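protein04.tsv (TSV, C-alpha atoms and all ligand atoms) appears below.
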```tsv
chain	number	residue	atom	x	y	z
N	39	MET	CA	89.24	158.40	72.93
N	40	THR	CA	90.70	154.94	73.56
N	41	ARG	CA	88.77	151.71	73.61
N	42	ILE	CA	90.00	148.39	75.02
N	43	ASP	CA	88.50	145.14	73.71
N	44	LYS	CA	89.38	141.75	75.12
N	45	LEU	CA	90.58	139.37	72.41
N	46	THR	CA	89.80	136.10	74.22
N	47	GLY	CA	88.47	135.10	77.62
N	48	PHE	CA	91.89	134.93	79.29
N	49	THR	CA	94.56	136.44	77.07
N	50	GLY	CA	95.02	139.67	75.19
N	51	ALA	CA	93.31	142.97	74.57
N	52	GLU	CA	93.39	145.33	71.63
N	53	ILE	CA	93.62	149.04	72.36
N	54	ARG	CA	92.08	151.30	69.74
N	55	GLY	CA	92.53	155.05	69.44
N	56	LEU	CA	96.09	155.07	70.79
N	57	ASP	CA	99.03	156.71	69.02
N	58	LEU	CA	102.25	155.14	70.25
N	59	ARG	CA	104.47	157.54	68.34
N	60	VAL	CA	104.24	159.99	71.23
N	61	VAL	CA	103.95	158.43	74.66
N	62	ASP	CA	102.42	160.90	77.10
N	63	ASP	CA	101.38	160.12	80.70
N	64	GLU	CA	97.85	159.15	79.71
N	65	THR	CA	99.08	156.71	77.07
N	66	ALA	CA	101.59	155.24	79.51
N	67	THR	CA	98.88	154.68	82.14
N	68	THR	CA	96.57	153.06	79.59
N	69	LEU	CA	99.35	150.70	78.47
N	70	LEU	CA	100.42	149.75	82.00
N	71	GLU	CA	96.87	149.05	83.16
N	72	ALA	CA	96.00	147.10	80.03
N	73	LEU	CA	99.10	144.91	80.25
N	74	ALA	CA	98.53	144.15	83.94
N	75	ALA	CA	94.91	143.18	83.22
N	76	HIS	CA	95.26	141.33	79.92
N	77	HIS	CA	98.90	140.03	79.75
N	78	VAL	CA	99.14	140.77	76.00
N	79	VAL	CA	98.30	144.13	74.41
N	80	ILE	CA	97.87	144.69	70.69
N	81	VAL	CA	97.92	148.14	69.07
N	82	ARG	CA	97.49	148.19	65.31
N	83	ASP	CA	98.60	150.59	62.58
N	84	GLN	CA	101.57	152.12	64.38
N	85	ASN	CA	104.61	151.70	62.05
N	86	LEU	CA	106.97	152.81	64.79
N	87	SER	CA	110.55	153.92	64.26
N	88	LEU	CA	113.08	152.08	66.44
N	89	GLY	CA	113.31	155.15	68.70
N	90	GLN	CA	109.53	155.22	69.12
N	91	GLN	CA	109.43	151.49	69.85
N	92	LYS	CA	112.12	151.93	72.50
N	93	ALA	CA	110.17	154.79	74.09
N	94	VAL	CA	107.07	152.55	74.30
N	95	THR	CA	109.19	149.78	75.83
N	96	GLU	CA	110.53	152.13	78.50
N	97	VAL	CA	106.99	152.78	79.74
N	98	PHE	CA	107.21	149.35	81.37
N	99	GLY	CA	110.79	149.30	82.62
N	100	PRO	CA	114.37	149.97	81.59
N	101	LEU	CA	115.32	148.67	78.15
N	102	ALA	CA	117.20	145.39	78.42
N	103	THR	CA	120.33	144.56	76.46
N	104	LEU	CA	120.37	140.80	76.11
N	105	PRO	CA	123.27	138.39	75.85
N	106	TYR	CA	123.56	135.51	73.42
N	107	ILE	CA	121.65	136.84	70.43
N	108	ASP	CA	123.11	139.33	67.99
N	109	PRO	CA	121.15	142.60	68.10
N	110	LEU	CA	120.91	145.04	65.21
N	111	PRO	CA	124.46	146.13	64.25
N	112	ASP	CA	123.67	149.74	65.10
N	113	ASP	CA	121.33	149.21	68.07
N	114	ALA	CA	122.23	146.83	70.91
N	115	GLN	CA	118.72	146.97	72.39
N	116	VAL	CA	116.81	145.77	69.32
N	117	ILE	CA	116.68	142.24	67.90
N	118	ALA	CA	115.56	141.65	64.33
N	119	VAL	CA	113.30	138.58	64.48
N	120	LEU	CA	113.90	137.53	60.91
N	121	LYS	CA	113.46	134.49	58.70
N	122	GLU	CA	114.40	134.91	55.06
N	123	ALA	CA	112.38	133.48	52.17
N	124	HIS	CA	115.15	131.05	51.22
N	125	GLU	CA	115.31	129.52	54.73
N	126	THR	CA	112.96	126.62	54.17
N	127	ASP	CA	112.53	123.32	56.03
N	128	MET	CA	114.19	124.58	59.18
N	129	GLY	CA	113.40	125.75	62.69
N	130	VAL	CA	112.48	129.30	63.55
N	131	PHE	CA	113.43	131.54	66.47
N	132	GLY	CA	110.90	131.02	69.28
N	133	GLY	CA	109.30	128.08	67.50
N	134	ASP	CA	108.10	126.30	70.62
N	135	TRP	CA	106.34	127.49	73.77
N	136	HIS	CA	108.65	129.66	75.84
N	137	SER	CA	109.07	132.75	77.91
N	138	ASP	CA	111.84	134.95	76.49
N	139	PHE	CA	115.27	134.12	77.90
N	140	SER	CA	113.97	132.52	81.09
N	141	PHE	CA	117.48	131.10	81.55
N	142	LEU	CA	118.82	134.50	82.65
N	143	ALA	CA	119.13	135.36	86.35
N	144	ASN	CA	116.77	138.24	85.62
N	145	PRO	CA	114.80	137.33	82.47
N	146	PRO	CA	113.03	140.14	80.60
N	147	ALA	CA	109.81	141.18	82.35
N	148	GLY	CA	108.19	141.77	79.00
N	149	SER	CA	108.72	142.26	75.28
N	150	VAL	CA	107.52	144.59	72.55
N	151	LEU	CA	107.33	143.17	69.04
N	152	ALA	CA	106.62	145.37	66.02
N	153	ALA	CA	105.73	143.96	62.61
N	154	VAL	CA	107.83	145.26	59.72
N	155	GLU	CA	107.55	142.77	56.85
N	156	LEU	CA	105.14	139.85	56.88
N	157	PRO	CA	104.42	136.73	54.86
N	158	PRO	CA	101.13	136.68	52.92
N	159	HIS	CA	99.92	133.93	55.23
N	160	GLY	CA	101.03	132.38	58.53
N	161	GLY	CA	103.74	133.53	60.93
N	162	ASP	CA	101.17	134.09	63.68
N	163	THR	CA	102.28	134.42	67.29
N	164	VAL	CA	100.37	132.59	70.03
N	165	TRP	CA	100.39	133.49	73.73
N	166	ALA	CA	99.04	131.50	76.68
N	167	ASN	CA	98.12	133.01	80.05
N	168	GLN	CA	100.08	131.31	82.84
N	169	VAL	CA	98.08	132.91	85.65
N	170	ALA	CA	94.93	131.23	84.33
N	171	ALA	CA	96.92	128.03	83.81
N	172	HIS	CA	98.09	128.07	87.43
N	173	ARG	CA	94.66	128.94	88.82
N	174	THR	CA	93.09	125.95	87.07
N	175	LEU	CA	95.84	123.39	87.75
N	176	PRO	CA	94.55	120.04	88.95
N	177	ARG	CA	95.23	119.58	92.68
N	178	ASP	CA	97.79	116.75	92.22
N	179	LEU	CA	99.87	118.83	89.81
N	180	ARG	CA	99.69	121.85	92.06
N	181	ASP	CA	100.91	119.72	94.98
N	182	ALA	CA	103.71	118.24	92.85
N	183	ILE	CA	105.23	121.66	92.16
N	184	ASP	CA	104.33	123.52	95.34
N	185	GLY	CA	107.41	125.27	96.76
N	186	THR	CA	109.76	123.86	94.09
N	187	ASP	CA	112.33	125.50	91.86
N	188	ALA	CA	112.98	124.67	88.21
N	189	VAL	CA	116.26	124.66	86.29
N	190	HIS	CA	116.50	126.81	83.14
N	191	VAL	CA	119.33	126.81	80.61
N	192	GLY	CA	119.78	128.32	77.14
N	193	LYS	CA	118.67	125.08	75.49
N	194	PRO	CA	118.71	124.37	72.61
N	195	TYR	CA	120.94	127.18	71.54
N	196	GLY	CA	123.68	127.14	74.19
N	197	VAL	CA	126.83	125.05	73.79
N	198	ARG	CA	125.74	122.14	75.95
N	199	TRP	CA	122.49	121.77	74.09
N	200	ALA	CA	123.54	123.00	70.66
N	201	PRO	CA	121.36	121.18	68.12
N	202	PRO	CA	123.10	118.74	65.79
N	203	GLU	CA	124.07	120.06	62.36
N	204	GLU	CA	121.16	118.29	60.64
N	205	GLU	CA	118.59	120.11	62.81
N	206	ARG	CA	118.89	123.31	60.89
N	207	SER	CA	117.57	126.51	62.32
N	208	SER	CA	117.17	129.91	60.71
N	209	ALA	CA	120.57	131.62	60.52
N	210	SER	CA	119.03	135.07	60.18
N	211	ILE	CA	119.28	135.49	63.94
N	212	GLY	CA	122.89	135.22	65.08
N	213	MET	CA	123.41	133.17	68.25
N	214	ARG	CA	126.59	133.78	70.21
N	215	ARG	CA	127.43	130.20	71.15
N	216	GLY	CA	129.49	129.66	74.26
N	217	ASP	CA	127.90	132.61	76.06
N	218	PRO	CA	128.19	131.78	79.78
N	219	ASP	CA	124.97	133.69	80.49
N	220	ALA	CA	123.11	131.22	78.28
N	221	ASP	CA	124.91	128.01	79.24
N	222	GLU	CA	124.68	128.24	83.01
N	223	ASN	CA	121.92	126.37	84.86
N	224	ARG	CA	119.69	128.91	86.59
N	225	LEU	CA	116.99	128.30	89.19
N	226	HIS	CA	113.65	130.08	89.26
N	227	PRO	CA	110.56	129.30	91.33
N	228	THR	CA	108.23	126.99	89.38
N	229	VAL	CA	105.35	129.24	90.45
N	230	ILE	CA	106.06	132.96	90.72
N	231	THR	CA	104.16	135.86	92.26
N	232	VAL	CA	103.21	138.60	89.79
N	233	PRO	CA	104.37	141.89	91.37
N	234	GLU	CA	101.64	144.03	89.76
N	235	THR	CA	98.72	141.90	90.95
N	236	ASP	CA	100.04	139.47	93.61
N	237	GLU	CA	98.61	136.64	91.51
N	238	GLN	CA	100.54	133.43	90.94
N	239	ALA	CA	101.77	132.24	87.55
N	240	LEU	CA	103.45	129.09	86.26
N	241	PHE	CA	107.01	129.90	85.22
N	242	VAL	CA	108.39	126.90	83.30
N	243	ASN	CA	108.62	126.36	79.55
N	244	PRO	CA	109.57	123.56	77.16
N	245	ILE	CA	112.45	125.38	75.44
N	246	TYR	CA	114.51	126.46	78.43
N	247	THR	CA	113.36	124.45	81.48
N	248	THR	CA	115.30	121.21	81.77
N	249	ARG	CA	113.97	119.81	85.07
N	250	LEU	CA	112.56	120.51	88.49
N	251	ALA	CA	115.53	121.26	90.74
N	252	HIS	CA	114.87	118.46	93.26
N	253	LEU	CA	114.37	115.79	90.57
N	254	SER	CA	116.40	114.32	87.71
N	255	GLU	CA	115.45	115.09	84.09
N	256	SER	CA	113.72	111.73	83.68
N	257	GLU	CA	111.82	112.12	86.98
N	258	SER	CA	110.77	115.67	86.06
N	259	ALA	CA	109.70	114.91	82.49
N	260	PRO	CA	106.22	113.45	83.19
N	261	ILE	CA	105.37	116.31	85.57
N	262	LEU	CA	106.63	119.01	83.19
N	263	ASP	CA	104.88	117.37	80.22
N	264	GLU	CA	101.60	117.40	82.11
N	265	LEU	CA	102.15	121.02	83.14
N	266	TYR	CA	102.82	122.07	79.54
N	267	ARG	CA	99.78	120.18	78.24
N	268	HIS	CA	97.62	122.08	80.69
N	269	ALA	CA	99.41	125.44	80.38
N	270	THR	CA	99.10	125.62	76.58
N	271	ARG	CA	95.43	124.71	76.32
N	272	PRO	CA	93.69	126.76	73.61
N	273	ASP	CA	91.34	128.05	76.35
N	274	PHE	CA	94.20	130.12	77.81
N	275	SER	CA	95.55	131.27	74.43
N	276	TYR	CA	95.34	134.11	71.96
N	277	ARG	CA	96.68	133.72	68.39
N	278	HIS	CA	97.63	136.94	66.65
N	279	ARG	CA	97.42	137.29	62.87
N	280	TRP	CA	99.93	140.06	62.17
N	281	GLU	CA	99.35	143.07	59.94
N	282	PRO	CA	102.16	145.49	59.02
N	283	GLY	CA	102.45	148.21	61.66
N	284	ASP	CA	101.06	146.03	64.48
N	285	VAL	CA	102.68	146.26	67.88
N	286	ALA	CA	102.31	143.49	70.46
N	287	ILE	CA	103.39	143.98	74.07
N	288	TRP	CA	103.43	141.04	76.45
N	289	ASN	CA	104.18	140.18	80.04
N	290	ASN	CA	107.00	137.64	79.79
N	291	ARG	CA	106.40	136.39	83.34
N	292	THR	CA	102.67	135.67	83.02
N	293	THR	CA	102.59	134.28	79.49
N	294	MET	CA	104.38	131.79	77.30
N	295	HIS	CA	104.41	132.37	73.55
N	296	TYR	CA	105.01	130.42	70.34
N	297	ALA	CA	106.12	131.64	66.91
N	298	THR	CA	104.37	129.57	64.25
N	299	ASN	CA	106.62	128.42	61.41
N	300	ASP	CA	104.29	127.95	58.46
N	301	TYR	CA	105.39	130.50	55.86
N	302	ASP	CA	108.31	128.87	54.01
N	303	GLY	CA	109.28	130.83	50.91
N	304	HIS	CA	108.37	134.21	52.42
N	305	ARG	CA	110.32	136.77	54.43
N	306	ARG	CA	109.15	137.71	57.95
N	307	LEU	CA	110.73	140.56	59.91
N	308	LEU	CA	109.72	142.01	63.26
N	309	HIS	CA	111.67	144.19	65.68
N	310	ARG	CA	111.82	143.05	69.29
N	311	THR	CA	112.74	145.08	72.35
N	312	THR	CA	112.51	143.90	75.97
N	313	PHE	CA	112.18	145.57	79.34
N	314	ALA	CA	113.64	144.63	82.69
N	315	ARG	CA	112.24	144.55	86.22
N	316	GLU	CA	113.13	142.70	89.39
N	317	ALA	CA	113.99	138.99	89.16
N	318	PRO	CA	111.13	136.48	89.42
N	319	ARG	CA	110.20	135.63	93.03
N	320	ARG	CA	108.07	133.05	94.75
O	1	LIG	C1	109.85	135.64	70.06
O	1	LIG	O1	109.85	134.51	70.53
O	1	LIG	O2	110.16	136.61	70.73
O	1	LIG	C2	109.44	135.85	68.62
O	1	LIG	C3	107.99	135.66	68.41
O	1	LIG	C4	107.61	135.64	66.97
O	1	LIG	O3	108.49	135.68	66.10
O	1	LIG	O4	106.42	135.58	66.69
```
Starting from the file, give its structure as structure tokens.
Ligand code: SIN
Amino acid sequence: MTRIDKLTGFTGAEIRGLDLRVVDDETATTLLEALAAHHVVIVRDQNLSLGQQKAVTEVFGPLATLPYIDPLPDDAQVIAVLKEAHETDMGVFGGDWHSDFSFLANPPAGSVLAAVELPPHGGDTVWANQVAAHRTLPRDLRDAIDGTDAVHVGKPYGVRWAPPEEERSSASIGMRRGDPDADENRLHPTVITVPETDEQALFVNPIYTTRLAHLSESESAPILDELYRHATRPDFSYRHRWEPGDVAIWNNRTTMHYATNDYDGHRRLLHRTTFAREAPRR
């Protein structure tokens, strides 16, 4: 018997009574409905093998193989999200608000993250619901972005935007610099339609969006800053305190997320898989 409890007013639900090690039709339906309704789904105590995690991911769409980040040496569809204990005073993968790889022509539709090894404190992940953010946008901001496109690029990891040497970032995730898929400017609608629900969602983020397509970077900056301030309000957010064995599944088109970097001196390892669907559309 499964039970679904909302975790906050706008973002996230925990499903209890589900065993993700074997995904039957009923489990798949529960997962699909919960993700469409709540944008982030948490299932605790799973301790999935990589094969089981991939099977869960495929409930939502074909497994994506991503450019630009080194996957596990023996599995091209799994990324180890890792920061080692000795990597102190440096940036962390996903350490600002973003939607995974929005700079791709067809960014992942969603991600599955499974906790393997966790610090004794910190390392939470925070998600913010971009449907709620769009629905509550002040009229002037809504008018400013209506019908526009935004430019996304693999900043700050691509060649053009590669951070200076002194801005150190965890080396535990290998970036393939010079990857044309990451360095190309790509356009996506600033507001997208969510295929599952026909709702609208904001689709810009501070890591990868450089400007609105019809404006320069300096002209776009005040509008984007205001959008981000609104879109990341705690009201729209859910902050997950990880326990070993937890699995989080999120809609990468209707949420942004943020990996908190507050556990220096401790190792943190999670396995991430992503699923594909059609490209974002207006
Ligand atoms: C990610 O951005 O996919 C990683 C999130 C996390 O490490 O919490």
Near-Ala93 in chain N list (10 Å; all atoms listed in the file; drop same-chain fewer than 4 positions) as a PDB file with C-alpha atoms, in the coordinates of the input:
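out.pdb written:
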```
ATOM      1  CA  LEU N  58     102.250 155.140  70.250  1.00  0.00           C
ATOM      2  CA  ARG N  59     104.470 157.540  68.340  1.00  0.00           C
ATOM      3  CA  VAL N  60     104.240 159.990  71.230  1.00  0.00           C
ATOM      4  CA  VAL N  61     103.950 158.430  74.660  1.00  0.00           C
ATOM      5  CA  SER N  87     110.550 153.920  64.260  1.00  0.00           C
ATOM      6  CA  LEU N  88     113.080 152.080  66.440  1.00  0.00           C
ATOM      7  CA  GLY N  89     113.310 155.150  68.700  1.00  0.00           C
ATOM      8  CA  VAL N  97     106.990 152.780  79.740  1.00  0.00           C
ATOM      9  CA  PHE N  98     107.210 149.350  81.370  1.00  0.00           C
ATOM     10  CA  PRO N 100     114.370 149.970  81.590  1.00  0.00           C
ATOM     11  CA  LEU N 101     115.320 148.670  78.150  1.00  0.00           C
TER      12      LEU N 101
END
```
| Protein and nucleic acid residues within 8 Å of ligand LIG 1 (chain O) (all atoms listed in the file) as an MDAnalysis selection string | chainID N and resid 119:120 130:133 136:138 149 151 161:164 295:298 308 310
Skipping near chain neighbours, those fewer than 6 positions away, what residues fall within 7 Å of range 113-115 of chain N using all atoms listed in the file, listed as an mmCIF file with C-alpha atoms, keeping the file's coordinate frame?
```cif
data_model
loop_
_atom_site.group_PDB
_atom_site.id
_atom_site.type_symbol
_atom_site.label_atom_id
_atom_site.label_comp_id
_atom_site.auth_asym_id
_atom_site.auth_seq_id
_atom_site.Cartn_x
_atom_site.Cartn_y
_atom_site.Cartn_z
ATOM 1 C CA LEU N 101 115.320 148.670 78.150
ATOM 2 C CA ALA N 102 117.200 145.390 78.420
ATOM 3 C CA THR N 103 120.330 144.560 76.460
ATOM 4 C CA THR N 311 112.740 145.080 72.350
#
```
List the neighbours of range 263-276 of chain N out to 10 Å using all atoms listed in the file; skip same-chain residues closer than 3 positions along the sequence, and give me the result as a ChimeraX atom specification.
/N:45-51,78,135,163-172,174-176,179-180,183,240,242-244,258-260,279,293-296
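The smallest atom-to-atom distance between Tyr106 in chain N and any of N:Ile261, N:Leu86, N:Ile53, N:Met213, using only C-alpha atoms, is found for N:Met213.
The coordinates place CA of Ser140 in chain N at 6.6 Å from CA of His190 in chain N.
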Kindly give the distance, in Å, that separates CA of Glu316 in chain N and CA of Leu253 in chain N, rounded to a single decimal.
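So the two atoms, CA of Glu316 in chain N and CA of Leu253 in chain N, lie 27.0 Å apart.
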Can I get the residues of range 105-194 of chain N within 9 Å of range 220-223 of chain N, each with the closest pair of atoms and their distance in Å to one decimal, using all atoms listed in the file, sorted chain first then ascending number, as CSV?
```
residue,atom,partner,partner_atom,distance
N:Pro105,CA,N:Ala220,CA,7.6
N:Tyr106,CA,N:Ala220,CA,6.5
N:Phe139,CA,N:Ala220,CA,8.4
N:Phe141,CA,N:Ala220,CA,6.5
N:Leu142,CA,N:Ala220,CA,6.9
N:Val189,CA,N:Asn223,CA,6.1
N:His190,CA,N:Asn223,CA,5.7
N:Val191,CA,N:Asn223,CA,5.0
N:Gly192,CA,N:Ala220,CA,4.6
N:Lys193,CA,N:Asp221,CA,7.8
```
From N:Arg315, N:His159, N:Arg41, N:Arg54, residue lying nearest Arg291 in chain N [all atoms listed in the file]: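 For Arg291 in chain N, the nearest of the candidates is N:Arg315.
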The residue from N:Arg277, N:Arg173, N:His252, N:Arg306 with the smallest atom-to-atom distance to Ile211 in chain N, counting all atoms listed in the file, is N:Arg306
Report as JSON, numbers by chain all protein, DNA and RNA residues lying within 8 Å of Ala286 in chain N, evaluated on all atoms listed in the file, omitting residues in the same chain fewer than 3 positions from it. {"N": [78, 79, 80, 81, 150, 151, 152]}
